[in-house]
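Have a look at model_38.cif; it's mmCIF, C-alpha atoms:
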```
data_run
loop_
_atom_site.label_atom_id
_atom_site.label_comp_id
_atom_site.auth_asym_id
_atom_site.auth_seq_id
_atom_site.Cartn_x
_atom_site.Cartn_y
_atom_site.Cartn_z
CA MET E 1 -52.27 -78.40 -59.61
CA LYS E 2 -50.42 -78.29 -62.79
CA ALA E 3 -49.97 -81.88 -62.31
CA LEU E 4 -50.34 -83.76 -59.30
CA LEU E 5 -51.35 -83.93 -57.67
CA ILE E 6 -52.53 -84.17 -57.60
CA LEU E 7 -54.05 -86.90 -57.29
CA PHE E 8 -56.68 -90.20 -55.98
CA PHE E 9 -60.43 -94.61 -54.43
CA LEU E 10 -62.25 -97.34 -53.08
CA PHE E 11 -59.18 -98.29 -51.08
CA PRO E 12 -59.51 -98.74 -47.32
CA ILE E 13 -58.64 -95.27 -46.06
CA ILE E 14 -56.64 -94.84 -42.86
CA ASN E 15 -57.20 -91.45 -41.25
CA PRO E 16 -54.20 -89.43 -42.54
CA PHE E 17 -54.65 -86.80 -39.83
CA HIS E 18 -54.04 -89.16 -36.89
CA LYS E 19 -51.60 -87.98 -34.25
CA THR E 20 -48.10 -89.00 -35.25
CA ASP E 21 -44.52 -87.94 -34.69
CA SER E 22 -43.31 -89.47 -37.95
CA TRP E 23 -43.88 -86.49 -40.27
CA LEU E 24 -40.59 -84.89 -41.35
CA LEU E 25 -40.49 -81.31 -42.66
CA VAL E 26 -38.70 -81.44 -46.02
CA LYS E 27 -39.44 -78.02 -47.54
CA GLU E 28 -40.93 -74.67 -46.60
CA GLN E 29 -41.60 -71.94 -49.12
CA ASP E 30 -43.89 -68.92 -49.23
CA GLY E 31 -45.85 -70.08 -46.18
CA ILE E 32 -46.31 -73.60 -47.57
CA LYS E 33 -44.85 -76.44 -45.50
CA MET E 34 -44.28 -79.88 -46.97
CA TYR E 35 -43.68 -83.02 -44.90
CA ASN E 36 -43.22 -86.70 -45.68
CA ARG E 37 -43.28 -90.01 -43.81
CA PRO E 38 -43.04 -93.73 -44.65
CA SER E 39 -46.31 -94.97 -46.13
CA ARG E 40 -48.34 -97.87 -44.78
CA ASN E 41 -49.65 -98.79 -48.24
CA SER E 42 -47.01 -97.69 -50.76
CA LYS E 43 -43.25 -97.96 -51.22
CA PHE E 44 -43.28 -94.19 -51.74
CA ASN E 45 -43.48 -91.74 -48.86
CA ASP E 46 -46.75 -90.08 -47.95
CA ILE E 47 -46.80 -86.30 -48.43
CA LYS E 48 -48.44 -83.68 -46.23
CA ILE E 49 -48.93 -80.00 -47.07
CA GLU E 50 -49.89 -77.39 -44.49
CA THR E 51 -50.62 -73.78 -45.36
CA ASP E 52 -52.96 -70.83 -44.86
CA PHE E 53 -54.87 -69.10 -47.65
CA VAL E 54 -56.91 -65.95 -47.90
CA GLY E 55 -60.42 -67.03 -48.84
CA THR E 56 -63.44 -69.05 -47.74
CA LEU E 57 -64.50 -72.69 -47.48
CA LEU E 58 -67.13 -72.14 -50.20
CA GLN E 59 -64.46 -70.85 -52.57
CA MET E 60 -62.27 -73.90 -51.96
CA GLU E 61 -65.27 -76.20 -52.38
CA ALA E 62 -66.06 -74.59 -55.73
CA ILE E 63 -62.45 -75.01 -56.92
CA LEU E 64 -62.22 -78.67 -55.89
CA ALA E 65 -65.61 -79.50 -57.42
CA ASN E 66 -64.74 -77.93 -60.79
CA VAL E 67 -62.94 -80.88 -62.38
CA GLU E 68 -62.50 -79.33 -65.82
CA LYS E 69 -60.48 -76.47 -64.28
CA TYR E 70 -57.94 -78.72 -62.53
CA THR E 71 -55.61 -78.09 -65.48
CA GLU E 72 -55.31 -74.46 -64.32
CA TRP E 73 -53.72 -75.27 -60.96
CA ALA E 74 -52.92 -78.99 -60.48
CA TYR E 75 -49.28 -79.62 -61.37
CA ALA E 76 -48.76 -81.17 -64.82
CA THR E 77 -52.44 -82.02 -65.26
CA LYS E 78 -52.99 -81.78 -69.01
CA ALA E 79 -56.53 -83.20 -69.03
CA SER E 80 -59.25 -83.56 -66.43
CA VAL E 81 -62.75 -84.72 -67.31
CA MET E 82 -65.92 -85.36 -65.32
CA ILE E 83 -66.95 -88.99 -65.90
CA LYS E 84 -69.94 -89.44 -63.59
CA LYS E 85 -71.69 -86.92 -61.36
CA ILE E 86 -73.23 -88.84 -58.47
CA SER E 87 -74.36 -85.64 -56.74
CA ALA E 88 -73.24 -82.03 -56.41
CA THR E 89 -70.61 -83.18 -53.89
CA GLU E 90 -69.69 -86.66 -55.15
CA PHE E 91 -68.34 -87.62 -58.54
CA ILE E 92 -65.91 -89.72 -60.58
CA TYR E 93 -63.38 -88.01 -62.82
CA TYR E 94 -60.44 -88.84 -65.11
CA SER E 95 -57.09 -87.03 -65.26
CA VAL E 96 -53.95 -87.30 -67.37
CA ILE E 97 -50.61 -86.18 -65.93
CA ASP E 98 -47.97 -84.86 -68.33
CA VAL E 99 -44.64 -86.55 -67.59
CA PRO E 100 -41.46 -85.43 -69.41
CA TRP E 101 -39.95 -87.76 -72.01
CA PRO E 102 -38.62 -90.47 -71.92
CA ALA E 103 -41.05 -91.51 -69.17
CA ASN E 104 -44.69 -92.18 -70.04
CA ASP E 105 -47.58 -89.96 -69.03
CA ARG E 106 -49.72 -91.15 -66.10
CA ASP E 107 -53.49 -91.28 -65.77
CA TYR E 108 -56.10 -92.23 -63.20
CA TYR E 109 -59.82 -92.43 -62.57
CA ALA E 110 -60.83 -91.13 -59.16
CA HIS E 111 -63.82 -90.97 -56.88
CA CYS E 112 -64.20 -87.68 -55.03
CA LYS E 113 -66.49 -86.88 -52.09
CA ILE E 114 -66.84 -83.40 -50.59
CA THR E 115 -68.29 -82.78 -47.13
CA LEU E 116 -68.92 -79.27 -45.81
CA ASP E 117 -69.82 -78.82 -42.14
CA SER E 118 -70.94 -75.19 -42.01
CA ASN E 119 -71.53 -75.26 -38.26
CA ALA E 120 -68.02 -76.56 -37.51
CA HIS E 121 -66.49 -74.44 -40.32
CA ILE E 122 -64.74 -77.50 -41.77
CA LEU E 123 -64.48 -78.74 -45.36
CA LYS E 124 -63.30 -82.32 -45.94
CA VAL E 125 -62.52 -83.81 -49.34
CA ILE E 126 -61.42 -87.37 -50.11
CA SER E 127 -60.23 -88.17 -53.62
CA ALA E 128 -59.13 -91.75 -54.30
CA SER E 129 -58.02 -93.48 -57.48
CA ILE E 130 -59.99 -96.37 -58.95
CA LYS E 131 -57.37 -98.55 -60.61
CA ASN E 132 -59.56 -100.75 -62.83
CA TYR E 133 -62.46 -98.39 -63.51
CA MET E 134 -61.69 -98.48 -67.26
CA PRO E 135 -59.08 -100.34 -69.37
CA GLU E 136 -55.59 -98.85 -69.48
CA LYS E 137 -54.61 -96.76 -72.50
CA LYS E 138 -51.66 -97.35 -74.78
CA ASN E 139 -48.43 -95.58 -73.78
CA ILE E 140 -49.99 -94.20 -70.58
CA VAL E 141 -49.18 -95.70 -67.17
CA ARG E 142 -52.18 -96.13 -64.89
CA ILE E 143 -51.49 -94.77 -61.39
CA PRO E 144 -52.22 -97.74 -59.09
CA LEU E 145 -52.68 -95.75 -55.89
CA SER E 146 -53.51 -92.12 -55.24
CA THR E 147 -55.49 -91.02 -52.20
CA GLY E 148 -55.70 -87.32 -51.49
CA SER E 149 -57.31 -86.07 -48.26
CA TRP E 150 -58.13 -82.42 -47.65
CA ASN E 151 -58.94 -81.05 -44.21
CA ILE E 152 -59.74 -77.33 -44.53
CA THR E 153 -60.75 -75.14 -41.60
CA ALA E 154 -62.00 -71.56 -41.50
CA THR E 155 -59.77 -69.82 -38.95
CA ALA E 156 -60.92 -66.20 -39.34
CA ASN E 157 -62.90 -63.96 -41.65
CA LYS E 158 -61.72 -64.87 -45.16
CA LYS E 159 -58.85 -67.02 -43.92
CA ILE E 160 -58.55 -70.80 -44.09
CA HIS E 161 -56.03 -73.38 -42.91
CA ILE E 162 -55.37 -76.34 -45.21
CA GLU E 163 -53.93 -79.72 -44.32
CA TYR E 164 -53.58 -82.01 -47.32
CA VAL E 165 -52.23 -85.58 -47.27
CA LEU E 166 -51.37 -87.56 -50.39
CA GLU E 167 -50.67 -91.28 -50.49
CA LEU E 168 -49.28 -92.12 -53.92
CA ASP E 169 -47.73 -94.81 -56.08
CA PRO E 170 -47.11 -93.31 -59.56
CA GLY E 171 -46.73 -96.78 -61.10
CA GLY E 172 -44.26 -98.06 -63.68
CA SER E 173 -40.56 -97.29 -63.61
CA VAL E 174 -39.81 -94.30 -61.39
CA PRO E 175 -36.28 -92.85 -61.79
CA ALA E 176 -35.09 -90.33 -59.20
CA TRP E 177 -35.89 -87.28 -61.35
CA LEU E 178 -39.48 -88.47 -61.85
CA LEU E 179 -39.94 -89.25 -58.18
CA ASN E 180 -38.86 -85.67 -57.43
CA LEU E 181 -41.60 -84.33 -59.72
CA PHE E 182 -44.26 -86.31 -57.89
CA SER E 183 -42.95 -85.94 -54.36
CA THR E 184 -41.53 -82.40 -54.20
CA LYS E 185 -41.95 -80.17 -57.25
CA GLY E 186 -45.54 -81.21 -58.00
CA PRO E 187 -47.11 -80.64 -54.57
CA MET E 188 -45.32 -77.32 -54.01
CA GLU E 189 -46.24 -75.92 -57.42
CA THR E 190 -49.83 -77.11 -57.02
CA PHE E 191 -50.27 -75.22 -53.79
CA GLU E 192 -48.45 -72.16 -55.11
CA ASN E 193 -50.94 -72.15 -57.99
CA LEU E 194 -53.88 -72.56 -55.62
CA LYS E 195 -52.61 -69.77 -53.41
CA GLN E 196 -52.43 -67.38 -56.36
CA LYS E 197 -55.87 -68.47 -57.56
CA MET E 198 -57.37 -67.73 -54.14
CA LYS E 199 -55.63 -64.32 -54.03
CA GLN E 200 -57.14 -63.42 -57.39
CA MET E 201 -60.61 -64.39 -56.13
CA ASN E 202 -60.23 -62.23 -53.02
CA LYS E 203 -58.78 -58.99 -54.36
#
```
Since I need it in another form, could you write the structure as structure tokens?
Amino acid sequence: MKALLILFFLFPIINPFHKTDSWLLVKEQDGIKMYNRPSRNSKFNDIKIETDFVGTLLQMEAILANVEKYTEWAYATKASVMIKKISATEFIYYSVIDVPWPANDRDYYAHCKITLDSNAHILKVISASIKNYMPEKKNIVRIPLSTGSWNITATANKKIHIEYVLELDPGGSVPAWLLNLFSTKGPMETFENLKQKMKQMNK
């Protein structure tokens, strides 16, 4: 996602897909719906994206496991590096988010776990930031909270439904224009990029 997004651990995780009437639709574009709601753990609203893509669960798993390629689709992500590979489906990575001047760039270390249930045709991914994994870097604000939860279901031959929930605190001073990047522009552009990537893979 060119830069968000994207992005995520070791915090107690409340199931973001619980039944609730509090989600509010705030934007719909090109088949991508974005909602928000008050967060239980952050002063910033939680974000939910719902959309359908052409493609397969295995293709999405490959994209989400390829950390070095996050810069191609995650909004404003200018660096993404694998730090520790625990297994083929569990790892720790580091990302830097490009934030326009005069605000400082953001970064985070995150733990990601991928679970594919082939029988149920469901792919689940939890990516959560680890605030104190390594010392903070000069002139970069460490994101104190970022938990991204993916719930992806195969609905037909080469068609998947995605429900993504992000709980985020970008840290530092957050003027209105910066909040908009994280809460509206970033998520929408990330999923637009993903949608195009999946289309290219399924021509």
With the cut-off set at 12 Å and counting only C-alpha atoms, tabulate each residue of region 86-195 of chain E with an atom at most that distance from an atom of region 34-42 of chain E, showing the nearest atom pair and its distance in Å to one decimal, ordered by chain and increasing number, as a Markdown table.
```
| residue | atom | partner | partner_atom | distance |
| --- | --- | --- | --- | --- |
| E:Ile143 | CA | E:Ser42 | CA | 11.9 |
| E:Pro144 | CA | E:Ser42 | CA | 9.8 |
| E:Leu145 | CA | E:Ser42 | CA | 7.9 |
| E:Ser146 | CA | E:Ser42 | CA | 9.7 |
| E:Thr147 | CA | E:Asn41 | CA | 10.5 |
| E:Ile162 | CA | E:Met34 | CA | 11.8 |
| E:Glu163 | CA | E:Met34 | CA | 10.0 |
| E:Tyr164 | CA | E:Met34 | CA | 9.5 |
| E:Val165 | CA | E:Asn36 | CA | 9.2 |
| E:Leu166 | CA | E:Asn36 | CA | 9.5 |
| E:Glu167 | CA | E:Ser39 | CA | 7.2 |
| E:Leu168 | CA | E:Ser42 | CA | 6.8 |
| E:Asp169 | CA | E:Ser42 | CA | 6.1 |
| E:Pro170 | CA | E:Ser42 | CA | 9.8 |
| E:Gly171 | CA | E:Ser42 | CA | 10.4 |
| E:Ser183 | CA | E:Asn36 | CA | 8.7 |
| E:Thr184 | CA | E:Met34 | CA | 8.1 |
| E:Lys185 | CA | E:Met34 | CA | 10.5 |
| E:Gly186 | CA | E:Met34 | CA | 11.2 |
| E:Pro187 | CA | E:Met34 | CA | 8.1 |
| E:Met188 | CA | E:Met34 | CA | 7.6 |
| E:Glu189 | CA | E:Met34 | CA | 11.3 |
| E:Thr190 | CA | E:Met34 | CA | 11.8 |
| E:Phe191 | CA | E:Met34 | CA | 10.2 |
| E:Glu192 | CA | E:Met34 | CA | 12.0 |
```
Using the chain letters and numbers from the file, give me the residues hit by the PyMOL selection byres ((chain E and resi 93) around 10), as a short mmCIF file (atom, residue, chain, number, x, y, z; two decimals) with C-alpha atoms, in the coordinates of the input.
```cif
data_model
loop_
_atom_site.label_atom_id
_atom_site.label_comp_id
_atom_site.auth_asym_id
_atom_site.auth_seq_id
_atom_site.Cartn_x
_atom_site.Cartn_y
_atom_site.Cartn_z
CA PHE E 8 -56.68 -90.20 -55.98
CA VAL E 67 -62.94 -80.88 -62.38
CA GLU E 68 -62.50 -79.33 -65.82
CA SER E 80 -59.25 -83.56 -66.43
CA VAL E 81 -62.75 -84.72 -67.31
CA MET E 82 -65.92 -85.36 -65.32
CA ILE E 83 -66.95 -88.99 -65.90
CA LYS E 84 -69.94 -89.44 -63.59
CA LYS E 85 -71.69 -86.92 -61.36
CA PHE E 91 -68.34 -87.62 -58.54
CA ILE E 92 -65.91 -89.72 -60.58
CA TYR E 94 -60.44 -88.84 -65.11
CA SER E 95 -57.09 -87.03 -65.26
CA TYR E 108 -56.10 -92.23 -63.20
CA TYR E 109 -59.82 -92.43 -62.57
CA ALA E 110 -60.83 -91.13 -59.16
CA HIS E 111 -63.82 -90.97 -56.88
CA CYS E 112 -64.20 -87.68 -55.03
CA SER E 127 -60.23 -88.17 -53.62
CA SER E 129 -58.02 -93.48 -57.48
CA ILE E 130 -59.99 -96.37 -58.95
#
```
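Here CA of Ser173 (chain E) is placed at a distance of 14.4 Å from CA of Asp107 (chain E).
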Legend entry - Separation of CA of Trp101 (chain E) from CA of Asn139 (chain E), in Å and rounded to one decimal: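 It comes out at 11.7 Å.
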Inset, instruction - Select all residues near (-68.2, -84.5, -52.4) (cut-off 8 Å, inclusive, file coordinates), counting all atoms listed in the file, and output them as a PyMOL selection string. - result: chain E and resi 65+87-91+112-115+125-126
The selected residues should be written to file as an mmCIF file, keeping the file's coordinate frame (atoms: C-alpha atoms).
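The resulting selection_31.cif:
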```cif
data_model
loop_
_atom_site.group_PDB
_atom_site.id
_atom_site.type_symbol
_atom_site.label_atom_id
_atom_site.label_comp_id
_atom_site.auth_asym_id
_atom_site.auth_seq_id
_atom_site.Cartn_x
_atom_site.Cartn_y
_atom_site.Cartn_z
ATOM 1 C CA ALA E 65 -65.610 -79.500 -57.420
ATOM 2 C CA SER E 87 -74.360 -85.640 -56.740
ATOM 3 C CA ALA E 88 -73.240 -82.030 -56.410
ATOM 4 C CA THR E 89 -70.610 -83.180 -53.890
ATOM 5 C CA GLU E 90 -69.690 -86.660 -55.150
ATOM 6 C CA PHE E 91 -68.340 -87.620 -58.540
ATOM 7 C CA CYS E 112 -64.200 -87.680 -55.030
ATOM 8 C CA LYS E 113 -66.490 -86.880 -52.090
ATOM 9 C CA ILE E 114 -66.840 -83.400 -50.590
ATOM 10 C CA THR E 115 -68.290 -82.780 -47.130
ATOM 11 C CA VAL E 125 -62.520 -83.810 -49.340
ATOM 12 C CA ILE E 126 -61.420 -87.370 -50.110
#
```
Inset, instruction - Would you kindly identify which residues have an atom no farther than 6 Å from (-64.0, -78.7, -44.8), using all atoms listed in the file and the file's own coordinates, and write them out as an NGL selection string? - result: :E and (116 or 122-124 or 151-153)
Inset, instruction - Spell out the residues picked by the PyMOL selection byres ((chain E and resi 194) around 12) here, as a ChimeraX atom specification. - result: /E:1-2,5-6,32,51-55,59-60,63-64,69-75,162,187-193,195-201
Inset, instruction - One decimal, Å: what's the distance from CA of Leu179 (chain E) over to CA of Asn45 (chain E), could you say? - result: 10.3 Å
Legend entry - Best match for closeness to Arg106 (chain E) among E:Ile86, E:Ala128, E:Val141, E:Ile49, counting all atoms listed in the file: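 Ranking E:Ile86, E:Ala128, E:Val141, E:Ile49 by distance to Arg106 (chain E), first place goes to E:Val141.
Of the listed residues E:Phe182, E:Lys203, E:Glu136, E:Leu25, the one whose atoms come nearest to Pro100 (chain E) is E:Phe182, with distances taken using only C-alpha atoms.
Here the question is which of E:Lys27, E:Lys43, E:Lys131, E:Lys78 gets nearest to Asp98 (chain E) using only C-alpha atoms, and that residue is E:Lys78.
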Please enclose the listed atoms of region 38-46 of chain E in an axis-aligned box, pad each side by 4 Å, and write out the centre and the three edge lengths in Å, rounded to one decimal, as AutoDock Vina command-line options.
```
--center_x -46.3 --center_y -94.4 --center_z -48.2 --size_x 14.6 --size_y 16.7 --size_z 15.1
```
Legend entry - Given only C-alpha atoms as the counted atoms, nearest of E:Ile47, E:His121, E:Glu61, E:Glu28 to Ala156 (chain E):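 Closest residue, counting only C-alpha atoms: E:His121.
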Inset, instruction - Would you mind telling me which residue in E:Leu24, E:Met134, E:Val99, E:Leu58 lies nearest to Ala154 (chain E) when using only C-alpha atoms? - result: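 Nearest candidate to Ala154 (chain E) out of E:Leu24, E:Met134, E:Val99, E:Leu58: E:Leu58.
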